[in-house]
Each structure stands twice: as structure tokens, then as C-alpha cells.
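Engineer: Provided herewith: input_19.pdb, PDB, C-alpha atoms and all ligand atoms.
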```pdb
MODEL        1
ATOM      1  CA  MET A  53     102.302  84.941  76.036
ATOM      2  CA  LEU A  54      98.679  85.226  74.980
ATOM      3  CA  ILE A  55      97.522  88.727  74.023
ATOM      4  CA  PHE A  56      93.853  89.736  74.261
ATOM      5  CA  HIS A  57      92.237  92.957  73.090
ATOM      6  CA  LYS A  58      88.636  91.989  73.832
ATOM      7  CA  THR A  59      87.165  91.547  77.305
ATOM      8  CA  GLU A  60      85.018  88.562  76.340
ATOM      9  CA  ASP A  61      87.987  86.642  74.888
ATOM     10  CA  LEU A  62      90.060  87.283  78.003
ATOM     11  CA  LYS A  63      87.201  86.218  80.283
ATOM     12  CA  LYS A  64      86.759  82.922  78.387
ATOM     13  CA  GLN A  65      90.471  82.155  78.721
ATOM     14  CA  LEU A  66      90.497  83.007  82.436
ATOM     15  CA  LEU A  67      87.435  80.844  83.039
ATOM     16  CA  ARG A  68      89.323  77.911  81.500
ATOM     17  CA  GLU A  69      92.320  78.649  83.744
ATOM     18  CA  ARG A  70      90.173  78.838  86.863
ATOM     19  CA  GLN A  71      88.296  75.647  85.971
ATOM     20  CA  THR A  72      91.599  73.802  85.935
ATOM     21  CA  GLY A  73      92.421  75.147  89.408
ATOM     22  CA  LYS A  74      94.922  77.795  88.331
ATOM     23  CA  LYS A  75      95.637  80.700  90.700
ATOM     24  CA  LEU A  76      95.750  84.105  89.028
ATOM     25  CA  GLY A  77      97.964  87.089  89.819
ATOM     26  CA  PHE A  78      97.155  90.435  88.200
ATOM     27  CA  VAL A  79      99.440  93.412  87.447
ATOM     28  CA  PRO A  80      97.594  96.437  86.014
ATOM     29  CA  THR A  81      99.859  99.003  84.304
ATOM     30  CA  MET A  82      99.821 101.920  81.911
ATOM     31  CA  GLY A  83     102.724 100.542  79.889
ATOM     32  CA  ALA A  84     106.152 102.094  79.159
ATOM     33  CA  LEU A  85     107.271  99.181  81.278
ATOM     34  CA  HIS A  86     110.493  99.286  83.300
ATOM     35  CA  ASP A  87     112.192  97.032  85.833
ATOM     36  CA  GLY A  88     109.892  98.334  88.601
ATOM     37  CA  HIS A  89     106.905  96.865  86.770
ATOM     38  CA  MET A  90     108.895  93.668  86.254
ATOM     39  CA  GLU A  91     109.271  93.307  90.047
ATOM     40  CA  LEU A  92     105.487  93.057  90.221
ATOM     41  CA  ILE A  93     105.412  90.439  87.448
ATOM     42  CA  LYS A  94     108.172  88.489  89.221
ATOM     43  CA  ALA A  95     106.307  88.579  92.552
ATOM     44  CA  SER A  96     103.127  87.382  90.874
ATOM     45  CA  ARG A  97     104.899  84.591  88.971
ATOM     46  CA  LYS A  98     106.453  83.328  92.177
ATOM     47  CA  GLU A  99     103.085  82.982  93.897
ATOM     48  CA  HIS A 100     100.631  82.142  91.086
ATOM     49  CA  ASP A 101     100.176  79.697  88.224
ATOM     50  CA  LYS A 102      99.257  82.436  85.762
ATOM     51  CA  THR A 103     100.183  86.115  85.674
ATOM     52  CA  ILE A 104      97.999  88.572  83.806
ATOM     53  CA  CYS A 105      99.340  92.032  82.987
ATOM     54  CA  SER A 106      97.184  94.795  81.526
ATOM     55  CA  ILE A 107      98.427  97.823  79.636
ATOM     56  CA  PHE A 108      95.881 100.600  79.399
ATOM     57  CA  VAL A 109      96.557 104.334  79.543
ATOM     58  CA  ASN A 110      93.363 105.210  81.360
ATOM     59  CA  PRO A 111      92.073 108.628  80.236
ATOM     60  CA  THR A 112      89.783 109.082  83.259
ATOM     61  CA  GLN A 113      92.664 109.274  85.740
ATOM     62  CA  PHE A 114      94.472 112.140  83.986
ATOM     63  CA  ASN A 115      93.436 115.512  85.333
ATOM     64  CA  ASP A 116      95.949 117.185  83.000
ATOM     65  CA  PRO A 117      95.239 116.552  79.269
ATOM     66  CA  THR A 118      98.870 117.348  78.321
ATOM     67  CA  ASP A 119     100.119 114.690  80.747
ATOM     68  CA  PHE A 120      97.785 112.200  79.044
ATOM     69  CA  GLU A 121      98.953 113.183  75.543
ATOM     70  CA  LYS A 122     102.616 113.007  76.549
ATOM     71  CA  TYR A 123     102.328 109.732  78.460
ATOM     72  CA  PRO A 124     105.093 107.499  77.023
ATOM     73  CA  GLN A 125     104.057 104.509  74.895
ATOM     74  CA  THR A 126     106.555 101.741  74.081
ATOM     75  CA  LEU A 127     104.275  98.812  73.253
ATOM     76  CA  GLN A 128     106.637  96.606  71.228
ATOM     77  CA  GLN A 129     109.350  96.848  73.895
ATOM     78  CA  ASP A 130     106.740  96.221  76.606
ATOM     79  CA  ILE A 131     105.621  93.004  74.892
ATOM     80  CA  LYS A 132     109.232  91.806  74.629
ATOM     81  CA  LYS A 133     109.875  92.524  78.323
ATOM     82  CA  LEU A 134     106.740  90.681  79.397
ATOM     83  CA  GLU A 135     107.638  87.704  77.211
ATOM     84  CA  THR A 136     111.125  87.605  78.720
ATOM     85  CA  MET A 137     109.574  87.621  82.193
ATOM     86  CA  GLN A 138     107.261  84.773  81.150
ATOM     87  CA  CYS A 139     104.098  86.704  81.825
ATOM     88  CA  SER A 140     101.210  84.408  80.807
ATOM     89  CA  ILE A 141      98.628  86.844  79.476
ATOM     90  CA  LEU A 142      98.630  90.473  78.327
ATOM     91  CA  PHE A 143      95.353  92.392  78.183
ATOM     92  CA  LEU A 144      95.532  95.346  75.783
ATOM     93  CA  PRO A 145      92.068  96.879  75.547
ATOM     94  CA  SER A 146      91.117 100.048  73.639
ATOM     95  CA  VAL A 147      89.380 103.010  75.311
ATOM     96  CA  GLU A 148      86.125 101.988  73.541
ATOM     97  CA  GLU A 149      86.471  98.454  74.909
ATOM     98  CA  MET A 150      86.842  99.721  78.479
ATOM     99  CA  TYR A 151      84.287 102.526  78.271
ATOM    100  CA  PRO A 152      81.725 101.520  75.607
ATOM    101  CA  SER A 153      79.230 104.133  76.876
ATOM    102  CA  GLY A 154      81.833 106.907  77.109
ATOM    103  CA  THR A 155      83.434 108.360  80.214
ATOM    104  CA  ALA A 156      80.928 111.079  81.153
ATOM    105  CA  LEU A 157      78.730 109.154  83.596
ATOM    106  CA  LEU A 158      81.037 106.737  85.352
ATOM    107  CA  GLU A 159      80.523 105.599  88.947
ATOM    108  CA  GLN A 160      81.978 107.732  91.759
ATOM    109  CA  PHE A 161      83.495 105.817  94.665
ATOM    110  CA  PRO A 162      83.200 106.952  98.320
ATOM    111  CA  ILE A 163      86.903 106.868  99.169
ATOM    112  CA  GLY A 164      86.686 109.645 101.757
ATOM    113  CA  SER A 165      89.512 112.027 102.574
ATOM    114  CA  LEU A 166      92.045 110.011 100.532
ATOM    115  CA  GLU A 167      90.495 111.794  97.571
ATOM    116  CA  THR A 168      91.289 115.306  98.774
ATOM    117  CA  ILE A 169      94.701 115.039 100.423
ATOM    118  CA  LEU A 170      98.211 114.873  98.876
ATOM    119  CA  GLU A 171      97.854 113.500  95.306
ATOM    120  CA  GLY A 172      94.091 113.930  95.573
ATOM    121  CA  LYS A 173      94.480 117.640  96.291
ATOM    122  CA  TYR A 174      96.882 118.279  93.415
ATOM    123  CA  ARG A 175      95.230 115.906  90.931
ATOM    124  CA  PRO A 176      91.469 116.354  91.388
ATOM    125  CA  GLY A 177      89.507 113.397  90.047
ATOM    126  CA  HIS A 178      92.629 111.264  89.651
ATOM    127  CA  PHE A 179      91.697 108.617  92.224
ATOM    128  CA  GLN A 180      88.104 108.360  90.976
ATOM    129  CA  GLY A 181      89.635 107.521  87.589
ATOM    130  CA  VAL A 182      91.958 104.958  89.178
ATOM    131  CA  CYS A 183      89.008 103.326  90.999
ATOM    132  CA  GLN A 184      86.892 103.301  87.825
ATOM    133  CA  ILE A 185      89.476 101.454  85.773
ATOM    134  CA  VAL A 186      90.751  99.099  88.482
ATOM    135  CA  ASP A 187      87.198  98.196  89.512
ATOM    136  CA  HIS A 188      86.405  97.379  85.896
ATOM    137  CA  LEU A 189      89.599  95.360  85.407
ATOM    138  CA  LEU A 190      89.050  93.416  88.644
ATOM    139  CA  THR A 191      85.521  92.542  87.546
ATOM    140  CA  ILE A 192      86.954  91.116  84.324
ATOM    141  CA  VAL A 193      90.052  89.363  85.684
ATOM    142  CA  GLU A 194      88.816  88.335  89.170
ATOM    143  CA  PRO A 195      92.385  87.635  90.296
ATOM    144  CA  ASP A 196      93.412  85.902  93.498
ATOM    145  CA  THR A 197      95.982  88.647  94.043
ATOM    146  CA  LEU A 198      96.310  92.216  92.802
ATOM    147  CA  TYR A 199      99.944  93.396  92.686
ATOM    148  CA  LEU A 200     100.663  97.072  93.338
ATOM    149  CA  GLY A 201     103.852  99.109  93.749
ATOM    150  CA  GLN A 202     104.644 101.022  96.933
ATOM    151  CA  LYS A 203     105.933 103.760  94.624
ATOM    152  CA  ASP A 204     102.267 104.878  94.370
ATOM    153  CA  TYR A 205     101.650 104.749  98.105
ATOM    154  CA  GLN A 206      98.374 106.650  98.170
ATOM    155  CA  GLN A 207      97.056 104.625  95.228
ATOM    156  CA  CYS A 208      97.669 101.450  97.290
ATOM    157  CA  MET A 209      95.559 102.920 100.115
ATOM    158  CA  VAL A 210      92.814 103.965  97.693
ATOM    159  CA  LEU A 211      92.683 100.482  96.167
ATOM    160  CA  HIS A 212      92.549  98.859  99.616
ATOM    161  CA  ARG A 213      89.510 101.041 100.193
ATOM    162  CA  LEU A 214      88.039 100.032  96.819
ATOM    163  CA  LEU A 215      88.302  96.363  97.766
ATOM    164  CA  GLU A 216      86.621  97.079 101.105
ATOM    165  CA  LEU A 217      83.752  98.728  99.237
ATOM    166  CA  ARG A 218      83.254  95.816  96.852
ATOM    167  CA  THR A 219      82.112  92.839  98.894
ATOM    168  CA  TYR A 220      82.095  90.600  95.807
ATOM    169  CA  LYS A 221      85.836  91.131  95.558
ATOM    170  CA  GLN A 222      86.565  89.591  98.923
ATOM    171  CA  ASN A 223      88.392  86.778  97.154
ATOM    172  CA  THR A 224      91.056  89.163  95.860
ATOM    173  CA  LYS A 225      93.891  90.225  98.128
ATOM    174  CA  ILE A 226      96.412  93.006  97.573
ATOM    175  CA  LYS A 227     100.175  92.570  97.644
ATOM    176  CA  ILE A 228     102.397  95.642  97.744
ATOM    177  CA  VAL A 229     105.845  95.387  96.161
ATOM    178  CA  PRO A 230     108.688  97.675  97.374
ATOM    179  CA  THR A 231     109.792 100.518  95.096
ATOM    180  CA  LEU A 232     112.587  99.638  92.686
ATOM    181  CA  ARG A 233     115.140 102.433  92.340
ATOM    182  CA  GLU A 234     117.909 103.458  89.985
ATOM    183  CA  GLN A 235     121.448 103.338  91.379
ATOM    184  CA  ASP A 236     121.274 106.968  92.478
ATOM    185  CA  GLY A 237     117.998 106.356  94.319
ATOM    186  CA  LEU A 238     115.529 107.747  91.781
ATOM    187  CA  ALA A 239     112.343 105.673  91.883
ATOM    188  CA  MET A 240     111.824 103.974  88.525
ATOM    189  CA  SER A 241     108.862 105.481  86.709
ATOM    190  CA  SER A 242     107.522 105.540  83.164
ATOM    191  CA  ARG A 243     107.690 109.335  83.326
ATOM    192  CA  ASN A 244     111.495 109.247  83.842
ATOM    193  CA  ILE A 245     111.862 108.743  80.053
ATOM    194  CA  ARG A 246     110.716 112.361  79.697
ATOM    195  CA  LEU A 247     113.573 113.764  81.806
ATOM    196  CA  ASP A 248     116.387 115.477  79.902
ATOM    197  CA  THR A 249     119.984 114.735  80.977
ATOM    198  CA  GLU A 250     120.201 117.602  83.444
ATOM    199  CA  SER A 251     116.760 116.961  84.997
ATOM    200  CA  ARG A 252     117.521 113.255  85.238
ATOM    201  CA  LYS A 253     120.589 114.050  87.375
ATOM    202  CA  THR A 254     118.625 116.442  89.564
ATOM    203  CA  ALA A 255     115.714 114.024  89.960
ATOM    204  CA  SER A 256     117.657 111.835  92.423
ATOM    205  CA  GLN A 257     117.505 114.707  94.946
ATOM    206  CA  ILE A 258     113.979 113.583  95.799
ATOM    207  CA  TYR A 259     115.225 110.330  97.288
ATOM    208  CA  ARG A 260     118.074 112.132  99.068
ATOM    209  CA  CYS A 261     115.464 114.415 100.650
ATOM    210  CA  LEU A 262     113.353 111.426 101.702
ATOM    211  CA  LEU A 263     116.398 109.901 103.369
ATOM    212  CA  ASN A 264     117.059 113.194 105.135
ATOM    213  CA  MET A 265     113.444 113.255 106.326
ATOM    214  CA  LYS A 266     113.977 109.778 107.734
ATOM    215  CA  SER A 267     117.193 110.694 109.529
ATOM    216  CA  TRP A 268     115.665 113.897 110.977
ATOM    217  CA  TYR A 269     112.408 112.233 112.019
ATOM    218  CA  GLY A 270     112.189 112.284 115.816
ATOM    219  CA  LYS A 271     115.125 114.708 116.066
ATOM    220  CA  LEU A 272     113.793 117.913 114.481
ATOM    221  CA  GLU A 273     110.322 119.491 114.636
ATOM    222  CA  LEU A 274     108.154 118.076 111.833
ATOM    223  CA  GLU A 275     107.382 121.544 110.481
ATOM    224  CA  GLU A 276     111.106 122.326 110.354
ATOM    225  CA  ILE A 277     111.807 119.092 108.444
ATOM    226  CA  LYS A 278     109.151 119.919 105.853
ATOM    227  CA  ILE A 279     110.389 123.487 105.393
ATOM    228  CA  LYS A 280     114.021 122.357 105.042
ATOM    229  CA  VAL A 281     113.075 119.804 102.387
ATOM    230  CA  GLN A 282     110.888 122.227 100.442
ATOM    231  CA  GLU A 283     113.713 124.779 100.458
ATOM    232  CA  ASP A 284     116.251 122.154  99.450
ATOM    233  CA  LEU A 285     114.147 120.941  96.505
ATOM    234  CA  THR A 286     113.308 124.479  95.407
ATOM    235  CA  HIS A 287     117.016 125.341  95.535
ATOM    236  CA  HIS A 288     117.669 122.407  93.160
ATOM    237  CA  GLY A 289     115.094 123.740  90.688
ATOM    238  CA  PHE A 290     112.001 121.723  91.652
ATOM    239  CA  ARG A 291     108.501 123.121  91.923
ATOM    240  CA  VAL A 292     107.193 121.339  95.001
ATOM    241  CA  ASP A 293     103.567 120.256  95.299
ATOM    242  CA  TYR A 294     104.122 118.743  98.743
ATOM    243  CA  ALA A 295     106.746 117.316 101.081
ATOM    244  CA  GLU A 296     104.642 115.768 103.831
ATOM    245  CA  ILE A 297     104.939 113.473 106.813
ATOM    246  CA  ALA A 298     101.791 111.441 107.262
ATOM    247  CA  ASP A 299     100.321 108.557 109.170
ATOM    248  CA  ALA A 300     101.292 105.447 107.200
ATOM    249  CA  LEU A 301      97.795 103.965 107.488
ATOM    250  CA  THR A 302      95.456 106.952 107.089
ATOM    251  CA  LEU A 303      97.799 109.361 105.251
ATOM    252  CA  GLN A 304      96.587 112.180 107.497
ATOM    253  CA  PRO A 305      99.429 114.673 108.116
ATOM    254  CA  ILE A 306     101.236 114.130 111.418
ATOM    255  CA  LYS A 307     101.428 117.263 113.512
ATOM    256  CA  LYS A 308     103.575 115.995 116.371
ATOM    257  CA  TYR A 309     106.169 113.229 116.561
ATOM    258  CA  ASP A 310     104.960 110.098 118.311
ATOM    259  CA  PRO A 311     107.422 107.179 118.378
ATOM    260  CA  GLU A 312     104.475 104.750 118.432
ATOM    261  CA  GLN A 313     102.952 106.130 115.221
ATOM    262  CA  HIS A 314     103.727 104.440 111.895
ATOM    263  CA  ALA A 315     104.801 107.281 109.571
ATOM    264  CA  VAL A 316     105.593 107.837 105.893
ATOM    265  CA  ALA A 317     107.261 110.750 104.089
ATOM    266  CA  LEU A 318     105.799 111.648 100.706
ATOM    267  CA  ILE A 319     107.087 114.065  98.074
ATOM    268  CA  ALA A 320     105.568 115.291  94.817
ATOM    269  CA  ALA A 321     107.537 117.799  92.749
ATOM    270  CA  PHE A 322     108.018 118.983  89.191
ATOM    271  CA  ILE A 323     111.399 119.146  87.559
ATOM    272  CA  ASN A 324     110.850 121.156  84.378
ATOM    273  CA  ASP A 325     107.434 119.880  83.283
ATOM    274  CA  VAL A 326     107.800 116.320  84.602
ATOM    275  CA  ARG A 327     105.967 115.550  87.836
ATOM    276  CA  LEU A 328     107.655 112.969  90.055
ATOM    277  CA  ILE A 329     106.335 111.307  93.213
ATOM    278  CA  ASP A 330     108.107 109.185  95.778
ATOM    279  CA  ASN A 331     107.789 108.089  99.388
ATOM    280  CA  LEU A 332     109.676 106.435 102.200
ATOM    281  CA  VAL A 333     108.352 104.747 105.319
ATOM    282  CA  LEU A 334     110.029 106.547 108.227
ATOM    283  CA  THR A 335     109.405 103.981 110.913
ATOM    284  CA  ASP A 336     110.936 101.102 108.988
ATOM    285  CA  THR A 337     114.506 100.317 109.942
ATOM    286  CA  THR A 338     115.424  98.328 106.839
ATOM    287  CA  THR A 339     115.996 101.149 104.327
ATOM    288  CA  ASP A 340     119.468 101.458 102.944
ATOM    289  CA  SER A 341     120.651 105.016 103.599
ATOM    290  CA  LYS A 342     123.857 104.990 101.544
ATOM    291  CA  VAL A 343     122.601 107.709  99.209
ATOM    292  CA  SER A 344     122.212 110.227 102.057
ATOM    293  CA  ASN A 345     124.818 112.953 101.974
TER     294      ASN A 345
HETATM  295  P1  LIG A 401     101.926 102.497  86.197
HETATM  296  O1  LIG A 401     102.192 101.814  84.881
HETATM  297  O2  LIG A 401     102.794 103.666  86.465
HETATM  298  O3  LIG A 401     100.452 102.762  86.407
HETATM  299  O4  LIG A 401     102.334 101.436  87.320
HETATM  300  C1  LIG A 401     101.799 100.141  87.348
HETATM  301  C2  LIG A 401     102.160  99.495  88.663
HETATM  302  O5  LIG A 401     103.575  99.422  88.788
HETATM  303  C3  LIG A 401     101.649 100.313  89.877
HETATM  304  O6  LIG A 401     101.178  99.420  90.870
HETATM  305  C4  LIG A 401     102.886 101.024  90.314
HETATM  306  O7  LIG A 401     102.879 101.388  91.681
HETATM  307  C5  LIG A 401     103.956  99.983  90.037
HETATM  308  N1  LIG A 401     105.276 100.626  89.930
HETATM  309  C6  LIG A 401     105.600 101.726  89.209
HETATM  310  N2  LIG A 401     106.893 102.072  89.411
HETATM  311  C7  LIG A 401     107.396 101.166  90.285
HETATM  312  C8  LIG A 401     108.681 100.986  90.901
HETATM  313  N3  LIG A 401     109.700 101.816  90.669
HETATM  314  N4  LIG A 401     108.844  99.944  91.747
HETATM  315  C9  LIG A 401     107.817  99.093  92.023
HETATM  316  N5  LIG A 401     106.577  99.210  91.470
HETATM  317  C10 LIG A 401     106.365 100.235  90.621
ENDMDL
END
```
Will you turn the file into C-alpha cells for me?
Ligand code: AMP
Structural biologist:
Amino acid sequence: MLIFHKTEDLKKQLLRERQTGKKLGFVPTMGALHDGHMELIKASRKEHDKTICSIFVNPTQFNDPTDFEKYPQTLQQDIKKLETMQCSILFLPSVEEMYPSGTALLEQFPIGSLETILEGKYRPGHFQGVCQIVDHLLTIVEPDTLYLGQKDYQQCMVLHRLLELRTYKQNTKIKIVPTLREQDGLAMSSRNIRLDTESRKTASQIYRCLLNMKSWYGKLELEEIKIKVQEDLTHHGFRVDYAEIADALTLQPIKKYDPEQHAVALIAAFINDVRLIDNLVLTDTTTDSKVSN
């Protein structure tokens, strides 16, 4: 695997690849890589000649400085995992490399209400930061396909919007990879490393609640479902930011059940000081519901 720290070096290499007709798949990450990330690498490898992964803990998308400071970093293990997965190229830029003029005056992207609902409401500025870094990375890498995880559902919608806004990126398409889960249903996440033994056990309740939301959808009033789930999570020691049922395409909250509407359940909650997010499409019949009890 080739490792680049400098944008210009990476661009030269990618130009060579493109000139020889290679198709490029791109997996942007913040490191502390786990098997969920590896699903994205696998998907890209299957469909492209070369897979480029980036590891960059982007300061502009952290609204909470403590979260940024505590973000796990496991670089040597990450490199080993990527090599095992036969990732072709790793881009490892510094903050100065990505933001040579600092971060104070970066572009703001018109992403509409996605910025102020759900994650946007609880993490002000977060999605502007995501757009800033992904826009920059896409300009450098110019991939044929950008691989994203469904685990960050709203981020996928935001980045769809970003691609719509950037006409010069019409050659890049997005592929969304299903969420990889631990055996007890907990969505794999870099932040899971920060859970102590007790919190780790409790954390799987989020997926159980999502499965409940799915089984109650269309049977109970939506407001009742949300209240039951909030109470359930609170009872298990979570501090809930939201437990919402939203339109799967716009992410606007659904007020009334409509069997024709494509819907998704989304949860964000703290267990101790670790914030976890997860989601489940409610109108998809393929989800395994073994964990529900
Ligand atoms: P992150 O390093 O957390 O910024 O994530 C990098 C990419 O991996 C994002 O597109 C995430 O949505 C995706 N990802 C994170 N966790 C998972 C998971 N459990 N399953 C599938 N994709 C994931």
C-alpha cells in the first residue's frame, strides 16, 4: 500500500492511475478503523481497480472540543488492517496540509434543513465541517465512486446534496454500504472503544429499540412509539438526544403513518459521556430481527 502525506504527491499518483484507465474508489475515514470501515474498503475493491482510503480527524466537524481531543487514534493498527484488505493507497494528511490558510474562513454550503434537524440540531456546524473536508478530498481524489456507511444516515444525505451542488463532481457517484454490527446488534463505531464494560453491554439497547420501532411502526401512534423508546433508553441510563421517525429521503419527521412513505428510525443518545448514533430503515423487509426481545 502506498502512503501519501502530501496532496501534490497523491494527485500525481492518481493522475498516473487514471491515465492508465484505472477506476478509483474512495473511502474517507477518521481512522480508529474497525470491520465496518473494512466493509467499505471491500465494496470498493470489488468494483474498482484502485481503492484510496483517507484517514483525517477533521477538526472543523467537531462542535465539541473534548470529543475532538478524545477521538481515538490507532494509526499503526489502521495501516495493518488496510494492508490486509489490500487497500491500494492511504492518504494521511496533516491539518496544515488540508487547511493551509487556517479554518476560520472556510466555505459554507447551502445544504438546507439537513443542517438544522437531528444531528444538525444537536451538533451545530458539524455538517458544514463534513462538507468542507469531503469537498476538499473529492477535489483531490476525483474518485469514480465515493463509499459511505449507512451508519451515518444523515451524513449520506448531506453528501448527496454536496454532490448535487458541485456540478464538476458529476463524474463521482455515491455508494452506501449497510451498517456492520456487533453480535448483539451494536453498530460498529470508532467511539465504541471508549465504552467501559458496563456501558458496552448497555449500548446494544439502541439497536433493540430500533427493532422495536420497526415492529411497532404502523401499529402504534408514532408519538407513542417515540415516547416509549425515549423512556426505555432513559430507563437503561442513556441521555437521549433524539429518537425520531423520519422520511427516509428528506429526513423530515413523519407526523402520521402512511404505508406508502419510505421511513427511517434514527436514535442519538449518550451512555456516560459517549455519544452513539444508529438508524434502521422501517419500510425495508430484509432486516434480521433476532435481537428483538
Ligand atoms: P468515520 O471514520 O466514523 O468517519 O467513518 C468513515 C466511514 O465509515 C463513514 O462513511 C461511515 O458511515 C462508515 N462507517 C462507520 N461505521 C460503520 C459501520 N458500522 N458499518 C458500515 N460503515 C460504517
Engineer: Within 9 Å of ligand LIG 401 (chain A), which residues show up when you count all atoms listed in the file? List them as a PDB file with C-alpha atoms, keeping the file's coordinate frame, please.
Structural biologist:
```pdb
ATOM      1  CA  VAL A  79      99.440  93.412  87.447  1.00  0.00           C
ATOM      2  CA  PRO A  80      97.594  96.437  86.014  1.00  0.00           C
ATOM      3  CA  THR A  81      99.859  99.003  84.304  1.00  0.00           C
ATOM      4  CA  MET A  82      99.821 101.920  81.911  1.00  0.00           C
ATOM      5  CA  GLY A  83     102.724 100.542  79.889  1.00  0.00           C
ATOM      6  CA  ALA A  84     106.152 102.094  79.159  1.00  0.00           C
ATOM      7  CA  LEU A  85     107.271  99.181  81.278  1.00  0.00           C
ATOM      8  CA  HIS A  86     110.493  99.286  83.300  1.00  0.00           C
ATOM      9  CA  ASP A  87     112.192  97.032  85.833  1.00  0.00           C
ATOM     10  CA  GLY A  88     109.892  98.334  88.601  1.00  0.00           C
ATOM     11  CA  HIS A  89     106.905  96.865  86.770  1.00  0.00           C
ATOM     12  CA  MET A  90     108.895  93.668  86.254  1.00  0.00           C
ATOM     13  CA  GLU A  91     109.271  93.307  90.047  1.00  0.00           C
ATOM     14  CA  LEU A  92     105.487  93.057  90.221  1.00  0.00           C
ATOM     15  CA  ILE A 107      98.427  97.823  79.636  1.00  0.00           C
ATOM     16  CA  PHE A 108      95.881 100.600  79.399  1.00  0.00           C
ATOM     17  CA  VAL A 109      96.557 104.334  79.543  1.00  0.00           C
ATOM     18  CA  LEU A 198      96.310  92.216  92.802  1.00  0.00           C
ATOM     19  CA  TYR A 199      99.944  93.396  92.686  1.00  0.00           C
ATOM     20  CA  LEU A 200     100.663  97.072  93.338  1.00  0.00           C
ATOM     21  CA  GLY A 201     103.852  99.109  93.749  1.00  0.00           C
ATOM     22  CA  GLN A 202     104.644 101.022  96.933  1.00  0.00           C
ATOM     23  CA  LYS A 203     105.933 103.760  94.624  1.00  0.00           C
ATOM     24  CA  ASP A 204     102.267 104.878  94.370  1.00  0.00           C
ATOM     25  CA  TYR A 205     101.650 104.749  98.105  1.00  0.00           C
ATOM     26  CA  GLN A 207      97.056 104.625  95.228  1.00  0.00           C
ATOM     27  CA  CYS A 208      97.669 101.450  97.290  1.00  0.00           C
ATOM     28  CA  ILE A 228     102.397  95.642  97.744  1.00  0.00           C
ATOM     29  CA  VAL A 229     105.845  95.387  96.161  1.00  0.00           C
ATOM     30  CA  PRO A 230     108.688  97.675  97.374  1.00  0.00           C
ATOM     31  CA  THR A 231     109.792 100.518  95.096  1.00  0.00           C
ATOM     32  CA  LEU A 232     112.587  99.638  92.686  1.00  0.00           C
ATOM     33  CA  ARG A 233     115.140 102.433  92.340  1.00  0.00           C
ATOM     34  CA  GLU A 234     117.909 103.458  89.985  1.00  0.00           C
ATOM     35  CA  LEU A 238     115.529 107.747  91.781  1.00  0.00           C
ATOM     36  CA  ALA A 239     112.343 105.673  91.883  1.00  0.00           C
ATOM     37  CA  MET A 240     111.824 103.974  88.525  1.00  0.00           C
ATOM     38  CA  SER A 241     108.862 105.481  86.709  1.00  0.00           C
ATOM     39  CA  SER A 242     107.522 105.540  83.164  1.00  0.00           C
ATOM     40  CA  ARG A 243     107.690 109.335  83.326  1.00  0.00           C
TER      41      ARG A 243
END
```
Engineer: One number please: CA of Lys64 in chain A to CA of Val186 in chain A, in Å, one decimal.
Structural biologist: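 According to the coordinates, CA of Lys64 in chain A and CA of Val186 in chain A are separated by 19.5 Å.
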Engineer: For Ile104 in chain A, work out the shell of residues within 12 Å, counting all atoms listed in the file and skipping chain neighbours fewer than 3 positions away, then give it as a ChimeraX atom specification.
Structural biologist: /A:53-56,62-63,65-66,69,75-81,92-94,96-97,100-101,107,134-135,137-144,189-190,192-199
Engineer: Given the choices A:Ala95, A:Cys261, A:Leu274, A:Ile226, which gets closest to Lys308 in chain A if the distance is worked out from all atoms listed in the file?
Structural biologist: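 Smallest distance to Lys308 in chain A is found for A:Leu274.
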Engineer: What is the distance between CA of Val326 in chain A and CA of Arg246 in chain A, in Å to one decimal?
Structural biologist: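 Interatomic distance here is 6.9 Å.
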Engineer: Run the PyMOL selection byres (((chain A and resi 184) around 9) and not hetatm) on the file and write out the hits as a ChimeraX atom specification.
Structural biologist: /A:112-113,158-161,179-183,185-189
Engineer: Could you work out how far CA of Leu301 in chain A lies from CA of Asp284 in chain A, giving the answer in Å with one decimal?
Structural biologist: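 Computing it gives 27.1 Å between the two atoms.
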Engineer: Taking the file above as input, evaluate the PyMOL selection byres (((chain A and resi 120) around 12) and not hetatm) and report the hits as a list in words.
Structural biologist: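 This file, filtered by the PyMOL selection byres (((chain A and resi 120) around 12) and not hetatm), leaves Met82, Phe108, Val109, Asn110, Pro111, Thr112, Gln113, Phe114, Asn115, Asp116, Pro117, Thr118, Asp119, Glu121, Lys122, Tyr123, Pro124, Gln125, His178 and Arg243 of chain A.
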Engineer: Calculated over only C-alpha atoms, which of the candidates A:His287, A:Ala300, A:Ala315, A:Ala320 has the smallest distance to Lys173 in chain A?
Structural biologist: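 So, comparing all the options, the nearest one is A:Ala320.
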